[in-house]
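Here's work-v8.csv, which has CSV, C-alpha atoms (C1' of nucleotides):
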chain,number,residue,atom,x,y,z
A,25,MET,CA,34.2,-32.4,-34.2
A,26,ARG,CA,34.8,-29.5,-36.6
A,27,ILE,CA,38.3,-27.9,-36.7
A,28,ALA,CA,38.7,-24.7,-38.6
A,29,THR,CA,41.9,-22.9,-39.7
A,30,TRP,CA,41.8,-19.3,-40.9
A,31,ASN,CA,44.5,-16.6,-41.6
A,32,VAL,CA,42.4,-13.6,-40.6
A,33,ASN,CA,44.9,-10.8,-41.5
A,34,SER,CA,44.6,-8.8,-38.3
A,35,ILE,CA,42.0,-10.0,-35.7
A,36,ASN,CA,41.2,-6.5,-34.6
A,37,ALA,CA,40.7,-5.1,-38.2
A,38,ARG,CA,38.7,-8.2,-39.0
A,39,LEU,CA,36.7,-8.8,-35.7
A,40,GLU,CA,33.1,-8.2,-37.0
A,41,THR,CA,33.8,-10.4,-40.1
A,42,VAL,CA,35.4,-13.2,-38.0
A,43,LEU,CA,32.6,-13.1,-35.4
A,44,ALA,CA,29.9,-13.3,-38.1
A,45,TRP,CA,31.6,-16.3,-39.6
A,46,PHE,CA,31.9,-18.0,-36.2
A,47,ARG,CA,28.2,-17.5,-35.5
A,48,GLU,CA,27.4,-19.1,-38.8
A,49,ALA,CA,29.9,-21.9,-39.0
A,50,GLN,CA,30.2,-22.7,-35.3
A,51,PRO,CA,33.5,-24.6,-35.3
A,52,ASP,CA,34.4,-26.6,-32.2
A,53,VAL,CA,38.0,-25.6,-32.5
A,54,ALA,CA,39.7,-22.8,-34.5
A,55,CYS,CA,43.3,-22.1,-35.4
A,56,LEU,CA,43.8,-18.5,-36.3
A,57,GLN,CA,46.9,-16.9,-38.0
A,58,GLU,CA,48.2,-13.4,-38.5
A,59,ILE,CA,46.3,-12.0,-35.5
A,60,LYS,CA,48.9,-9.1,-35.8
A,61,CYS,CA,48.7,-8.1,-32.2
A,62,VAL,CA,50.2,-8.8,-28.8
A,63,ASP,CA,48.3,-11.2,-26.4
A,64,GLU,CA,46.9,-8.3,-24.4
A,65,LYS,CA,45.3,-6.7,-27.5
A,66,PHE,CA,43.5,-9.9,-28.6
A,67,PRO,CA,39.7,-9.5,-28.4
A,68,ARG,CA,39.5,-12.4,-26.0
A,69,GLU,CA,36.1,-11.4,-24.4
A,70,ALA,CA,34.4,-11.4,-27.8
A,71,PHE,CA,35.2,-15.1,-28.3
A,72,GLU,CA,34.6,-16.0,-24.7
A,73,GLY,CA,31.2,-14.5,-25.2
A,74,LEU,CA,30.6,-17.1,-28.0
A,75,GLY,CA,31.6,-19.9,-25.7
A,76,TYR,CA,35.3,-20.3,-26.6
A,77,ASN,CA,38.4,-20.9,-24.5
A,78,VAL,CA,41.2,-18.7,-25.9
A,79,GLU,CA,45.0,-19.2,-26.1
A,80,THR,CA,47.2,-16.8,-28.0
A,81,PHE,CA,50.8,-16.4,-29.0
A,82,GLY,CA,50.9,-12.8,-30.3
A,83,GLN,CA,53.5,-10.3,-31.6
A,84,LYS,CA,53.3,-6.6,-32.3
A,85,SER,CA,52.3,-5.7,-35.8
A,86,TYR,CA,53.2,-9.0,-37.5
A,87,ASN,CA,52.4,-12.7,-37.4
A,88,GLY,CA,50.7,-14.0,-34.2
A,89,VAL,CA,48.6,-17.2,-33.8
A,90,ALA,CA,45.7,-18.3,-31.7
A,91,LEU,CA,43.7,-21.4,-30.6
A,92,LEU,CA,40.0,-21.3,-29.8
A,93,SER,CA,38.1,-24.3,-28.3
A,94,ARG,CA,34.7,-25.0,-26.9
A,95,THR,CA,36.4,-27.3,-24.3
A,96,PRO,CA,39.4,-26.2,-22.2
A,97,LEU,CA,42.8,-26.2,-23.8
A,98,GLU,CA,45.5,-28.0,-21.9
A,99,ASP,CA,49.3,-28.5,-22.2
A,100,VAL,CA,49.7,-25.2,-24.2
A,101,ARG,CA,53.0,-24.7,-26.0
A,102,GLN,CA,54.0,-21.4,-27.5
A,103,GLY,CA,56.6,-21.4,-30.2
A,104,LEU,CA,58.2,-24.0,-32.5
A,105,PRO,CA,61.3,-25.7,-30.9
A,106,GLY,CA,64.6,-25.9,-32.7
A,107,GLU,CA,66.0,-22.3,-33.1
A,108,ASP,CA,67.1,-20.2,-30.2
A,109,GLY,CA,66.4,-16.5,-30.7
A,110,ASP,CA,63.5,-17.0,-33.2
A,111,GLU,CA,61.3,-14.0,-32.3
A,112,HIS,CA,58.4,-14.7,-34.7
A,113,ALA,CA,55.1,-15.8,-33.2
A,114,ARG,CA,54.1,-18.5,-35.7
A,115,TYR,CA,53.3,-21.6,-33.7
A,116,ILE,CA,50.9,-22.5,-30.8
A,117,GLU,CA,49.9,-26.0,-29.8
A,118,ALA,CA,47.5,-27.4,-27.1
A,119,VAL,CA,45.4,-30.4,-26.3
A,120,VAL,CA,41.6,-29.9,-26.8
A,121,SER,CA,40.1,-31.7,-23.8
A,122,GLY,CA,37.1,-33.9,-23.9
A,123,PRO,CA,36.1,-37.6,-24.2
A,124,SER,CA,38.3,-37.9,-27.3
A,125,PRO,CA,41.2,-35.4,-26.8
A,126,LEU,CA,42.8,-33.8,-29.9
A,127,ARG,CA,46.3,-32.2,-30.0
A,128,VAL,CA,46.1,-29.3,-32.3
A,129,ALA,CA,48.5,-26.6,-33.5
A,130,SER,CA,47.9,-23.3,-35.3
A,131,ILE,CA,50.7,-22.7,-37.8
A,132,TYR,CA,51.8,-19.6,-39.7
A,133,LEU,CA,54.7,-20.7,-41.8
A,134,PRO,CA,57.1,-18.0,-43.0
A,135,ASN,CA,56.3,-16.5,-46.4
A,136,GLY,CA,59.9,-16.6,-47.5
A,137,ASN,CA,60.0,-13.9,-50.2
A,138,PRO,CA,62.2,-12.8,-51.8
A,139,ILE,CA,63.9,-16.1,-52.4
A,140,ALA,CA,67.4,-14.6,-52.7
A,141,THR,CA,67.4,-13.4,-49.1
A,142,ASP,CA,67.6,-14.9,-45.6
A,143,LYS,CA,63.8,-14.8,-45.5
A,144,PHE,CA,63.8,-17.9,-47.8
A,145,ALA,CA,66.5,-19.6,-45.8
A,146,TYR,CA,64.5,-18.9,-42.6
A,147,LYS,CA,61.4,-20.4,-44.2
A,148,LEU,CA,63.3,-23.6,-45.1
A,149,ARG,CA,64.8,-23.9,-41.6
A,150,TRP,CA,61.4,-23.4,-40.1
A,151,MET,CA,59.9,-26.2,-42.3
A,152,GLU,CA,62.7,-28.5,-41.2
A,153,ARG,CA,62.0,-27.6,-37.6
A,154,LEU,CA,58.3,-28.3,-38.2
A,155,ARG,CA,59.2,-31.7,-39.7
A,156,ALA,CA,61.3,-32.6,-36.7
A,157,HIS,CA,58.7,-31.5,-34.2
A,158,ALA,CA,55.9,-33.3,-36.1
A,159,ALA,CA,58.1,-36.5,-36.0
A,160,GLU,CA,58.3,-36.2,-32.2
A,161,LEU,CA,54.5,-35.6,-31.9
A,162,LEU,CA,53.8,-38.6,-34.1
A,163,LYS,CA,55.6,-40.8,-31.6
A,164,LEU,CA,52.8,-40.1,-29.1
A,165,GLU,CA,50.4,-42.0,-31.4
A,166,GLU,CA,47.5,-39.8,-30.6
A,167,PRO,CA,45.0,-37.8,-32.6
A,168,LEU,CA,46.8,-34.7,-33.9
A,169,ALA,CA,45.9,-31.8,-36.3
A,170,LEU,CA,48.6,-29.4,-37.6
A,171,ALA,CA,46.5,-26.7,-39.2
A,172,GLY,CA,47.4,-23.3,-40.7
A,173,ASP,CA,48.8,-21.1,-43.4
A,174,TYR,CA,51.7,-23.2,-44.8
A,175,ASN,CA,52.6,-20.6,-47.4
A,176,CYS,CA,53.2,-23.5,-49.9
A,177,ILE,CA,51.5,-24.2,-53.2
A,178,PRO,CA,51.9,-28.0,-53.2
A,179,GLU,CA,51.0,-28.7,-56.8
A,180,PRO,CA,50.6,-26.8,-60.1
A,181,ALA,CA,46.9,-27.4,-59.9
A,182,ASP,CA,46.8,-25.4,-56.6
A,183,CYS,CA,47.2,-22.1,-58.5
A,184,HIS,CA,45.9,-20.5,-61.7
A,185,ASP,CA,49.1,-20.0,-63.6
A,186,PRO,CA,52.2,-22.0,-62.3
A,187,ALA,CA,54.5,-19.9,-64.5
A,188,ALA,CA,53.5,-16.7,-62.6
A,189,TRP,CA,54.7,-18.4,-59.4
A,190,ALA,CA,58.0,-19.8,-60.7
A,191,ASP,CA,60.1,-17.3,-58.8
A,192,ASP,CA,58.0,-17.2,-55.7
A,193,ALA,CA,59.0,-18.7,-52.4
A,194,LEU,CA,55.6,-20.4,-52.1
A,195,PHE,CA,56.2,-22.5,-55.2
A,196,GLN,CA,60.0,-23.3,-55.0
A,197,PRO,CA,61.0,-27.0,-55.4
A,198,GLU,CA,62.6,-26.8,-51.9
A,199,THR,CA,59.4,-25.5,-50.4
A,200,ARG,CA,57.2,-28.1,-52.0
A,201,ALA,CA,59.7,-30.9,-51.1
A,202,ALA,CA,59.7,-29.8,-47.4
A,203,TRP,CA,55.9,-29.8,-47.5
A,204,ARG,CA,55.8,-33.3,-49.0
A,205,ALA,CA,58.3,-34.4,-46.3
A,206,LEU,CA,55.5,-33.9,-43.8
A,207,GLN,CA,53.4,-36.4,-45.8
A,208,TRP,CA,56.3,-38.9,-45.8
A,209,LEU,CA,56.3,-38.8,-42.0
A,210,GLY,CA,52.8,-40.3,-42.1
A,211,LEU,CA,50.7,-37.2,-41.9
A,212,THR,CA,47.6,-36.9,-44.1
A,213,GLU,CA,46.7,-33.6,-45.7
A,214,ALA,CA,42.9,-33.4,-45.2
A,215,GLN,CA,41.8,-31.6,-48.3
A,216,THR,CA,43.7,-33.8,-50.7
A,217,ALA,CA,42.5,-37.0,-48.9
A,218,VAL,CA,38.8,-36.1,-48.9
A,219,SER,CA,38.4,-34.5,-52.3
A,220,PRO,CA,41.4,-33.8,-54.4
A,221,THR,CA,39.7,-31.0,-56.3
A,222,PRO,CA,42.0,-28.9,-58.6
A,223,HIS,CA,42.0,-25.2,-57.9
A,224,ALA,CA,40.3,-25.4,-54.5
A,225,TYR,CA,41.9,-22.1,-53.6
A,226,THR,CA,42.1,-20.7,-50.0
A,227,PHE,CA,43.8,-17.4,-50.7
A,228,TRP,CA,43.1,-14.6,-53.2
A,229,ASP,CA,45.4,-11.5,-53.2
A,230,TYR,CA,43.7,-8.1,-52.6
A,231,GLN,CA,45.6,-6.8,-55.7
A,232,ALA,CA,45.0,-6.9,-59.4
A,233,GLY,CA,41.4,-8.3,-59.2
A,234,ALA,CA,42.7,-11.7,-58.1
A,235,TRP,CA,39.4,-12.6,-56.5
A,236,GLN,CA,37.2,-11.4,-59.4
A,237,ARG,CA,39.5,-13.4,-61.8
A,238,ASN,CA,39.7,-16.4,-59.5
A,239,HIS,CA,43.5,-16.2,-59.5
A,240,GLY,CA,43.9,-17.9,-56.1
A,241,ILE,CA,46.3,-20.3,-54.5
A,242,ARG,CA,45.7,-23.3,-52.1
A,243,ILE,CA,48.1,-22.6,-49.2
A,244,ASP,CA,46.0,-23.3,-46.1
A,245,HIS,CA,46.2,-26.9,-45.1
A,246,VAL,CA,45.4,-29.4,-42.3
A,247,PHE,CA,47.8,-32.3,-41.6
A,248,LEU,CA,46.4,-35.2,-39.6
A,249,SER,CA,48.1,-38.0,-37.7
A,250,PRO,CA,46.9,-41.5,-38.5
A,251,GLN,CA,44.8,-41.5,-35.4
A,252,ALA,CA,43.0,-38.4,-36.6
A,253,ALA,CA,43.0,-39.2,-40.3
A,254,ASP,CA,41.2,-42.5,-39.4
A,255,ARG,CA,38.3,-40.3,-38.2
A,256,LEU,CA,38.3,-37.9,-41.2
A,257,GLN,CA,34.8,-37.2,-42.6
A,258,ALA,CA,35.0,-34.0,-44.5
A,259,CYS,CA,37.1,-31.0,-45.4
A,260,GLU,CA,35.5,-27.9,-46.7
A,261,VAL,CA,36.9,-24.6,-48.1
A,262,HIS,CA,34.6,-21.8,-47.0
A,263,LYS,CA,35.1,-19.8,-50.2
A,264,ALA,CA,32.1,-17.6,-49.5
A,265,ALA,CA,34.0,-15.9,-46.7
A,266,ARG,CA,36.2,-14.1,-49.4
A,267,ALA,CA,33.0,-12.3,-50.5
A,268,MET,CA,32.1,-11.0,-47.0
A,269,GLU,CA,32.3,-7.4,-46.0
A,270,LYS,CA,35.9,-6.5,-45.2
A,271,PRO,CA,37.2,-10.0,-46.0
A,272,SER,CA,40.6,-11.5,-45.1
A,273,ASP,CA,42.6,-12.5,-48.2
A,274,HIS,CA,42.4,-16.1,-46.9
A,275,VAL,CA,39.2,-18.2,-46.3
A,276,PRO,CA,38.6,-20.8,-43.6
A,277,VAL,CA,39.2,-24.4,-44.1
A,278,VAL,CA,37.1,-26.7,-41.9
A,279,VAL,CA,37.9,-30.3,-41.2
A,280,THR,CA,35.2,-32.7,-39.7
A,281,LEU,CA,36.4,-35.7,-37.6
A,282,ARG,CA,34.0,-38.4,-36.5
A,283,GLU,CA,33.6,-38.5,-32.7
B,17,DA,C1',53.7,-1.2,-68.6
B,18,DT,C1',57.2,-4.5,-62.5
B,19,DG,C1',51.3,-2.1,-61.9
B,20,DG,C1',47.6,-3.4,-58.0
B,21,DT,C1',45.6,-3.5,-52.0
B,22,DA,C1',45.5,-4.1,-47.1
B,23,DG,C1',47.2,-3.7,-42.2
B,24,DA,C1',50.2,-1.9,-38.6
B,25,DC,C1',51.9,2.4,-37.6
B,26,DC,C1',55.9,6.7,-37.8
B,27,DT,C1',57.6,5.9,-42.8
B,28,DT,C1',58.4,1.7,-44.3
B,29,DC,C1',57.8,-3.3,-43.7
B,30,DT,C1',55.2,-7.4,-44.7
B,31,DA,C1',52.3,-9.9,-47.4

Written as structure tokens, how would this file's structure read?
Amino acid sequence: MRIATWNVNSINARLETVLAWFREAQPDVACLQEIKCVDEKFPREAFEGLGYNVETFGQKSYNGVALLSRTPLEDVRQGLPGEDGDEHARYIEAVVSGPSPLRVASIYLPNGNPIATDKFAYKLRWMERLRAHAAELLKLEEPLALAGDYNCIPEPADCHDPAAWADDALFQPETRAAWRALQWLGLTEAQTAVSPTPHAYTFWDYQAGAWQRNHGIRIDHVFLSPQAADRLQACEVHKAARAMEKPSDHVPVVVTLRE
DNA sequence: ATGGTAGACCTTCTA
């Protein structure tokens, strides 16, 4: 089973690019982030035409996440528990049905910049809520994948120039500690587990020639429960997607689990 | 030199 995560930076602006990648890569499950539209505006039919079941948690203009699966999605949950009044659409979870069911979540963690504002406090609260929810899910002792844009640069080797990120929310000690706290729960980050390659970037800014200079960051991750990590076979960063026509600034990350 | 680009969309916010 192949599970993809991809921050598409507007599903409607990116539809042809995303569909072309889906035809080529043919993931069984996909977690999308930053769809940037309400549920009614998601191009559902285009993905159903490729054989996917579609669940979305959208929002006007910003954020928005989606789950796509070849088999039906059950037990769908929209929104991360733990903060009443949180309006951001950043979390959707469901169970991919089949002979070996997989619980999967599409995660768009808050960016958190600038760090001297409530945006950073919101980011850290959101990370603590995710930790608490993940701890609950781990009690189920079932295959689980928490995939998405974590907006966290875990290690210096996950960027080109750590000094350039020193004041950025993605590289703050608190952000990185909250990310590691997910590991200490017993979750396995797939890319690091399979091939801990330095500079395996998943995002390159549109600005300042970041792609041409390979000034990227590794911020798109897949965390697996022990029952899923036990089946981990591969984790691939689809770097070529950054060179497509009208690319997203993120590329897909695809995890393969043994059946 | 505080730049640069992209998307949504009403003029500026977010990234």

Of the candidates A:Ala232, A:Val32, A:Leu281, A:Val275, which shows the shortest atom-to-atom distance to DG23 in chain B, using all atoms listed in the file?
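Checking each of A:Ala232, A:Val32, A:Leu281, A:Val275 against DG23 in chain B, counting all atoms listed in the file, the winner is A:Val32.
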
Using all atoms listed in the file, find the residues of chain B whose closest atom to chain A is at most 10 Å away, then write them as a ChimeraX atom specification.
/B:19-25,29-31

Just give me the residues with any atom within 8 Å of (45.6, -18.7, -59.9), file coordinates, counting only C-alpha atoms (C1' of nucleotides), written as a list of chain:residue names.
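Protein, DNA and RNA residues close to (45.6, -18.7, -59.9): A:Asp182, A:Cys183, A:His184, A:Asp185, A:Pro186, A:His223, A:Ala234, A:Asn238, A:His239, A:Gly240, A:Ile241.
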
Please identify all polymer residues within 10 Å of Trp150 in chain A, counting all atoms listed in the file, omitting same-chain residues fewer than 5 positions from it, and present them as a PyMOL selection string.
chain A and resi 104-107+110+114+133-134+144-145+155-156+202

What does the distance between CA of Glu260 in chain A and CA of Val277 in chain A come to in Å, to one decimal place?
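Interatomic distance, CA of Glu260 in chain A to CA of Val277 in chain A: 5.7 Å.
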
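Nearest-residue note for Gln196 in chain A: choosing from A:Thr212, A:Leu154, A:Gly136, A:Ala217, the minimum distance belongs to A:Gly136, counting all atoms listed in the file.
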
Return the single residue from A:Arg101, A:His112, A:Arg200, A:Arg153 that is closest to Val128 in chain A, with distances computed using all atoms listed in the file.
A:Arg101

My list of candidates is A:Ala193, A:Val278, A:Leu206, A:Ala267. Which is closest to Thr41 in chain A when distances are computed with all atoms listed in the file?
A:Ala267

Identify, on the basis of only C-alpha atoms (C1' of nucleotides), every residue whose closest approach to Met268 in chain A does not exceed 10 Å; exclude the query and any residue fewer than 2 positions from it along the same chain; express the result as number ranges by chain.
A: 41-42, 44-45, 263-266, 270-272

Now that the selection is made, can you save its residues with C-alpha atoms as a short mmCIF file (atom, residue, chain, number, x, y, z; two decimals), in the coordinates of the input?
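Result file part_21.cif:
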data_model
loop_
_atom_site.label_atom_id
_atom_site.label_comp_id
_atom_site.auth_asym_id
_atom_site.auth_seq_id
_atom_site.Cartn_x
_atom_site.Cartn_y
_atom_site.Cartn_z
CA THR A 41 33.80 -10.40 -40.10
CA VAL A 42 35.40 -13.20 -38.00
CA ALA A 44 29.90 -13.30 -38.10
CA TRP A 45 31.60 -16.30 -39.60
CA LYS A 263 35.10 -19.80 -50.20
CA ALA A 264 32.10 -17.60 -49.50
CA ALA A 265 34.00 -15.90 -46.70
CA ARG A 266 36.20 -14.10 -49.40
CA LYS A 270 35.90 -6.50 -45.20
CA PRO A 271 37.20 -10.00 -46.00
CA SER A 272 40.60 -11.50 -45.10
#

May I ask for the distance between CA of Asp108 in chain A and CA of Glu58 in chain A, given in Å to one decimal place?
21.7 Å

What does the distance between CA of Asp99 in chain A and CA of Glu79 in chain A come to in Å, to one decimal place?
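Atom-to-atom, CA of Asp99 in chain A and CA of Glu79 in chain A are spaced 11.0 Å apart.
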
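Considering all atoms listed in the file, the residue among A:Ala258, A:Glu198, A:Trp189, A:Thr29 positioned nearest to Val218 in chain A is A:Ala258.
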
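Nearest residue to Ala169 in chain A, choosing from A:Leu126, A:Val261, A:Ile243, A:Val53 and counting only C-alpha atoms: A:Leu126.
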
Quick one: everything within 8 Å of Leu56 in chain A, counting only C-alpha atoms (C1' of nucleotides), minus sequence neighbours fewer than 5 positions away in the same chain. Send it as a list in words.
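These residues fall inside the cut-off: Thr29, Trp30, Asn31, Val32, Val89, Ala90, Leu91, Ser130 and Gly172 of chain A.
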